[in-house]
Amino acid sequence: MNRPPVCTEVSAHLLNAEVSFTGVVRYFSALDKGEGLGTWSLVFHQGRLGFAHHSLEPLERLDRHLRRLSHQVFSLTRQNCLRIHRQVEALLAQETGPLPADLLGLSWMVTEQLLPWEAARRLNAWISEEVLQNLLLVPGGFQQEIIPLDNVPTLGQWDGGSLLDLIQKRLRAWQSLGPEITSPYQRPYFASRAQAERLPAEQQERLGRLLKGFSFRQLSALLDQDDLQIARRLHPLVKAGILVLRDPQPPFDRLPKTYSAKLETESQPSETPTVPLHLANELADLGPSPQASKTWIVACIDDSEAMLSGLQRLLEGHNLVIHTISDSLKALMKLTTLKPDLILLDVGMPNVDGYQLCSLIRKSSVLKDVPVVMVTGHKGLIDRVKARLAGATDYLTKPFRQEELLQMVFRYLS
């Protein structure tokens with residue numbers, strides 16, 4: 001079986017860290033060659049690992065694990081998740097020194113009593129494990145920067161040997177799912193309607209409500225289930241040709257794969273494999289939670305009727321009630337009546353533009369906590385900054401695919 005080697009440089013560092021060392025070890029891949037692998041930071045306290053950070057999309061990783069944790073910690077409401085998001089986003093924009101912004105954010109959550117200490121420790125472990133899995137798959141040739149510190153936040157500490165054993169065991173499990181599954185960031189879909197109909201109707205419906213472009217990592221957050229277990233359950237459907245896997249979305253497509261062999265062919269086998277009889281039982285609890293089955297209200301605001309029709313078409317049939325608003329002057333009054341769960345807001349509108357309307361939404365006692373996603377054709381940094389200053393939760397650039405829109409919508413409907 002073609003399995004990528006685990007990086008021995010990082011393993012040796014985890015195993016041989018001096019007991020007296022407190023600080024940060026940064027890793028820069030010398031083999032990056034413009035692929036944008038980013039920087040890894042391992043935070044140690046008295047020789048024991050306390051946190052692992054990766055500069056590649058740390059906010060997405062935090063949001064995803066917060067969403068999973070919200071199934072277990074009832075005080076972690078959508079409003080609190082958004083508050084945490086904004087705090088860590090602000091820290092990422094600042095110069096926080098050698099300590100990672102997401103670690104400082106975790107410490108802040110506990111101080112502000114947004115998370116119990118045990119829940120923060122669990123969140124810390126999930127983030128660190130994911131980062132270390134990716135780091136250990138990077139080929140050797142690292143450049144290192146060792147930064148001693150007097151003190152670091154501690155939300156958990158692990159013995160290097162025990163942690164390595166755990167992560168290597170999980171990596172071997174991921175690798176055993178190859179060559180069909182090569183990354184936790186791959187996205188399962190039904191191969192076709194005909195293939196989906198090979199499953200019982202109940203399973204078709206159950207999976208159809210899940211397979212909307214989410215990766216195994218994202219499905220873990222939605223379902224509050226381990227991503228490896230989800231991949232194991234869906235693996236027989238991939239082998240049978242019922243499901244296909246699309247590549248990870250950028251920037252996660254830059255990360256090393258858990259299985260390096262390439263499929264020899266993507267054509268369907270001449271004989272259609274049978275679906276295992278036990279599969280229905282295997283997938284019995286693989287379905288949306290009661291919260292995920294709720295019907296959500298989404299308000300779409302745009303002066304273009306064609307754009308509104310397009311948004312409605314892309315979002316229909318996904319447990320969403322879509323309300324379209326074309327007049328920005330009347331939008332605030334309509335939104336106050338609707339009380340939507342999410343607002344998709346176009347930037348370039350006459351009379352009241354998207355930035356102005358977003359600012360008014362944030363001043364409304366009824367709407368101030370509703371996620372607002374700005375939709376625009378501008379890709380510049382200045383436009384993103386203006387959207388953040390106006391109070392936007394996120395930013396979606398035109399043109400976009402249906403899967404990108406659905407992922408953005410369901411990211412905030414938690």
# chains A, B, ... in the order shown; residues from 1 in each chain; ligands from 1
>>> select_by_dssp(residues="range 90-170 of chain A", states="alpha helix (DSSP H)", output="compact mmCIF listing (two decimals) with N, CA, C and O atoms, in the first residue's frame")
# COMPACT_ATOMS: atom_id res chain seq x y z
N ALA A 90 -9.81 39.60 14.99
CA ALA A 90 -9.09 40.83 15.36
C ALA A 90 -7.67 40.51 15.81
O ALA A 90 -6.73 41.23 15.48
N LEU A 91 -7.50 39.42 16.56
CA LEU A 91 -6.16 39.03 17.00
C LEU A 91 -5.27 38.65 15.82
O LEU A 91 -4.08 38.95 15.79
N LEU A 92 -5.86 37.97 14.83
CA LEU A 92 -5.10 37.59 13.64
C LEU A 92 -4.62 38.82 12.86
O LEU A 92 -3.57 38.77 12.22
N ALA A 93 -5.40 39.89 12.93
CA ALA A 93 -5.03 41.12 12.21
C ALA A 93 -3.98 41.93 12.96
O ALA A 93 -3.39 42.86 12.40
N ALA A 101 -2.49 33.50 17.36
CA ALA A 101 -3.71 34.25 17.70
C ALA A 101 -4.83 33.32 18.16
O ALA A 101 -5.61 33.68 19.05
N ASP A 102 -4.92 32.12 17.56
CA ASP A 102 -6.01 31.23 17.97
C ASP A 102 -5.79 30.68 19.37
O ASP A 102 -6.76 30.44 20.10
N LEU A 103 -4.55 30.51 19.81
CA LEU A 103 -4.29 30.10 21.19
C LEU A 103 -4.68 31.22 22.15
O LEU A 103 -5.31 30.98 23.19
N LEU A 104 -4.32 32.46 21.81
CA LEU A 104 -4.72 33.60 22.64
C LEU A 104 -6.24 33.72 22.68
O LEU A 104 -6.82 34.08 23.71
N GLY A 105 -6.89 33.41 21.55
CA GLY A 105 -8.35 33.43 21.52
C GLY A 105 -8.96 32.38 22.44
O GLY A 105 -9.96 32.65 23.12
N LEU A 106 -8.37 31.19 22.47
CA LEU A 106 -8.85 30.14 23.37
C LEU A 106 -8.74 30.59 24.83
O LEU A 106 -9.66 30.39 25.63
N SER A 107 -7.62 31.19 25.16
CA SER A 107 -7.43 31.69 26.52
C SER A 107 -8.44 32.78 26.85
O SER A 107 -8.99 32.82 27.96
N TRP A 108 -8.71 33.64 25.86
CA TRP A 108 -9.70 34.72 26.06
C TRP A 108 -11.10 34.15 26.29
O TRP A 108 -11.85 34.66 27.13
N MET A 109 -11.47 33.08 25.57
CA MET A 109 -12.79 32.47 25.76
C MET A 109 -13.00 32.02 27.20
O MET A 109 -14.09 32.18 27.77
N VAL A 110 -11.98 31.45 27.79
CA VAL A 110 -12.08 30.97 29.17
C VAL A 110 -12.17 32.16 30.13
O VAL A 110 -13.00 32.18 31.05
N THR A 111 -11.34 33.17 29.89
CA THR A 111 -11.35 34.37 30.75
C THR A 111 -12.70 35.06 30.72
O THR A 111 -13.21 35.51 31.75
N TRP A 117 -13.60 25.53 31.18
CA TRP A 117 -12.21 25.16 30.95
C TRP A 117 -12.11 23.81 30.25
O TRP A 117 -11.30 23.64 29.33
N GLU A 118 -12.92 22.84 30.66
CA GLU A 118 -12.84 21.51 30.05
C GLU A 118 -13.22 21.55 28.57
O GLU A 118 -12.64 20.84 27.75
N ALA A 119 -14.21 22.38 28.23
CA ALA A 119 -14.61 22.51 26.83
C ALA A 119 -13.50 23.17 26.01
O ALA A 119 -13.23 22.77 24.87
N ALA A 120 -12.84 24.18 26.58
CA ALA A 120 -11.73 24.83 25.90
C ALA A 120 -10.57 23.85 25.70
O ALA A 120 -9.90 23.87 24.66
N ARG A 121 -10.36 23.00 26.68
CA ARG A 121 -9.31 21.99 26.57
C ARG A 121 -9.62 21.01 25.42
O ARG A 121 -8.74 20.62 24.65
N ARG A 122 -10.90 20.63 25.30
CA ARG A 122 -11.32 19.74 24.22
C ARG A 122 -11.11 20.41 22.85
O ARG A 122 -10.62 19.79 21.90
N LEU A 123 -11.50 21.69 22.77
CA LEU A 123 -11.33 22.44 21.54
C LEU A 123 -9.85 22.55 21.17
O LEU A 123 -9.46 22.39 20.00
N ASN A 124 -9.03 22.82 22.17
CA ASN A 124 -7.59 22.89 21.98
C ASN A 124 -7.05 21.57 21.41
O ASN A 124 -6.25 21.56 20.47
N ALA A 125 -7.51 20.45 21.95
CA ALA A 125 -7.04 19.14 21.50
C ALA A 125 -7.45 18.87 20.06
O ALA A 125 -6.66 18.35 19.26
N TRP A 126 -8.71 19.20 19.68
CA TRP A 126 -9.18 18.96 18.32
C TRP A 126 -8.35 19.75 17.31
O TRP A 126 -7.93 19.23 16.27
N ILE A 127 -8.15 21.05 17.60
CA ILE A 127 -7.39 21.91 16.68
C ILE A 127 -5.96 21.40 16.55
O ILE A 127 -5.42 21.26 15.45
N SER A 128 -5.33 21.11 17.69
CA SER A 128 -3.93 20.68 17.68
C SER A 128 -3.74 19.35 16.96
O SER A 128 -2.77 19.17 16.22
N GLU A 129 -4.67 18.44 17.15
CA GLU A 129 -4.56 17.14 16.50
C GLU A 129 -4.65 17.28 14.98
O GLU A 129 -3.87 16.68 14.23
N GLU A 130 -5.59 18.09 14.50
CA GLU A 130 -5.72 18.29 13.06
C GLU A 130 -4.46 18.92 12.48
O GLU A 130 -3.96 18.49 11.43
N VAL A 131 -3.94 19.94 13.16
CA VAL A 131 -2.74 20.61 12.67
C VAL A 131 -1.55 19.65 12.63
O VAL A 131 -0.80 19.61 11.66
N LEU A 132 -1.39 18.85 13.69
CA LEU A 132 -0.27 17.92 13.73
C LEU A 132 -0.39 16.83 12.67
O LEU A 132 0.61 16.40 12.09
N GLN A 133 -1.60 16.37 12.40
CA GLN A 133 -1.78 15.37 11.33
C GLN A 133 -1.25 15.92 10.01
O GLN A 133 -0.53 15.23 9.28
N ASN A 134 -1.61 17.16 9.70
CA ASN A 134 -1.15 17.76 8.44
C ASN A 134 0.36 17.99 8.46
O ASN A 134 1.04 17.77 7.45
N LEU A 135 0.88 18.43 9.59
CA LEU A 135 2.32 18.71 9.69
C LEU A 135 3.14 17.44 9.51
O LEU A 135 4.17 17.44 8.81
N LEU A 136 2.70 16.35 10.11
CA LEU A 136 3.48 15.12 10.04
C LEU A 136 3.48 14.49 8.65
O LEU A 136 4.30 13.62 8.36
N LEU A 137 2.55 14.94 7.79
CA LEU A 137 2.51 14.42 6.41
C LEU A 137 3.37 15.22 5.45
O LEU A 137 3.57 14.80 4.31
N GLY A 160 4.80 13.84 24.44
CA GLY A 160 5.09 13.74 23.02
C GLY A 160 4.93 12.33 22.47
O GLY A 160 4.37 12.14 21.40
N GLY A 161 5.42 11.33 23.22
CA GLY A 161 5.34 9.95 22.73
C GLY A 161 3.92 9.45 22.60
O GLY A 161 3.54 8.87 21.58
N SER A 162 3.09 9.71 23.61
CA SER A 162 1.69 9.26 23.58
C SER A 162 0.92 9.96 22.47
O SER A 162 0.10 9.33 21.77
N LEU A 163 1.19 11.26 22.30
CA LEU A 163 0.50 12.01 21.27
C LEU A 163 0.87 11.52 19.88
O LEU A 163 0.01 11.36 19.00
N LEU A 164 2.15 11.26 19.67
CA LEU A 164 2.59 10.74 18.37
C LEU A 164 1.95 9.39 18.06
O LEU A 164 1.53 9.14 16.93
N ASP A 165 1.88 8.53 19.06
CA ASP A 165 1.25 7.22 18.86
C ASP A 165 -0.19 7.38 18.40
O ASP A 165 -0.65 6.69 17.49
N LEU A 166 -0.92 8.29 19.07
CA LEU A 166 -2.32 8.52 18.73
C LEU A 166 -2.46 9.03 17.30
O LEU A 166 -3.28 8.52 16.51
N ILE A 167 -1.67 10.03 16.94
CA ILE A 167 -1.80 10.64 15.62
C ILE A 167 -1.36 9.69 14.52
O ILE A 167 -2.00 9.58 13.46
N GLN A 168 -0.29 8.94 14.76
CA GLN A 168 0.16 7.99 13.75
C GLN A 168 -0.86 6.87 13.55
O GLN A 168 -1.06 6.39 12.43
N LYS A 169 -1.53 6.48 14.63
CA LYS A 169 -2.59 5.47 14.51
C LYS A 169 -3.72 6.00 13.63
O LYS A 169 -4.24 5.28 12.76
N ARG A 170 -4.10 7.26 13.83
CA ARG A 170 -5.17 7.84 13.02
C ARG A 170 -4.73 8.01 11.56
O ARG A 170 -5.51 7.79 10.63
>>> residues_around(residues="Ala231 in chain A", least_positions_apart="5", cutoff="12 Å", atoms="only C-alpha atoms", output="ChimeraX atom specification")
/A:173-178,180-188,215-220,225-226,236-239,243,245,282-283,286
>>> select_by_dssp(residues="range 277-394 of chain A", states="strand (DSSP E)", output="ChimeraX atom specification")
/A:296-301,320-325,342-346,372-376,394
>>> residues_around(residues="range 297-313 of chain A", least_positions_apart="2", cutoff="7 Å", atoms="only C-alpha atoms", output="count of residues only")
19
>>> atom_distance(atom1="CA of Val375 in chain A", atom2="CA of Ile361 in chain A")
15.6 Å
>>> residues_around(residues="Arg48 in chain A", least_positions_apart="4", cutoff="7 Å", atoms="only C-alpha atoms", output="MDAnalysis selection string")
chainID A and resid 44 157:160
>>> closest_residue(among="A:Pro256, A:Gly38, A:Pro248, A:Gly47", to="Ala17 in chain A", atoms="only C-alpha atoms")
A:Gly47
>>> atom_distance(atom1="CA of Leu99 in chain A", atom2="CA of Arg83 in chain A")
20.8 Å
>>> closest_residue(among="A:Arg193, A:Asn319, A:Lys363, A:Asn80", to="Arg209 in chain A", atoms="only C-alpha atoms")
A:Asn319
>>> residues_around(residues="Arg78 in chain A", least_positions_apart="3", cutoff="10 Å", atoms="only C-alpha atoms", output="MDAnalysis selection string")
chainID A and resid 66:67 70 75 81:84 369:371 412:414
>>> residues_around(residues="Thr336 in chain A", least_positions_apart="6", cutoff="9 Å", atoms="only C-alpha atoms", output="count of residues only")
3
>>> atom_distance(atom1="CA of Leu210 in chain A", atom2="CA of Phe190 in chain A")
10.5 Å
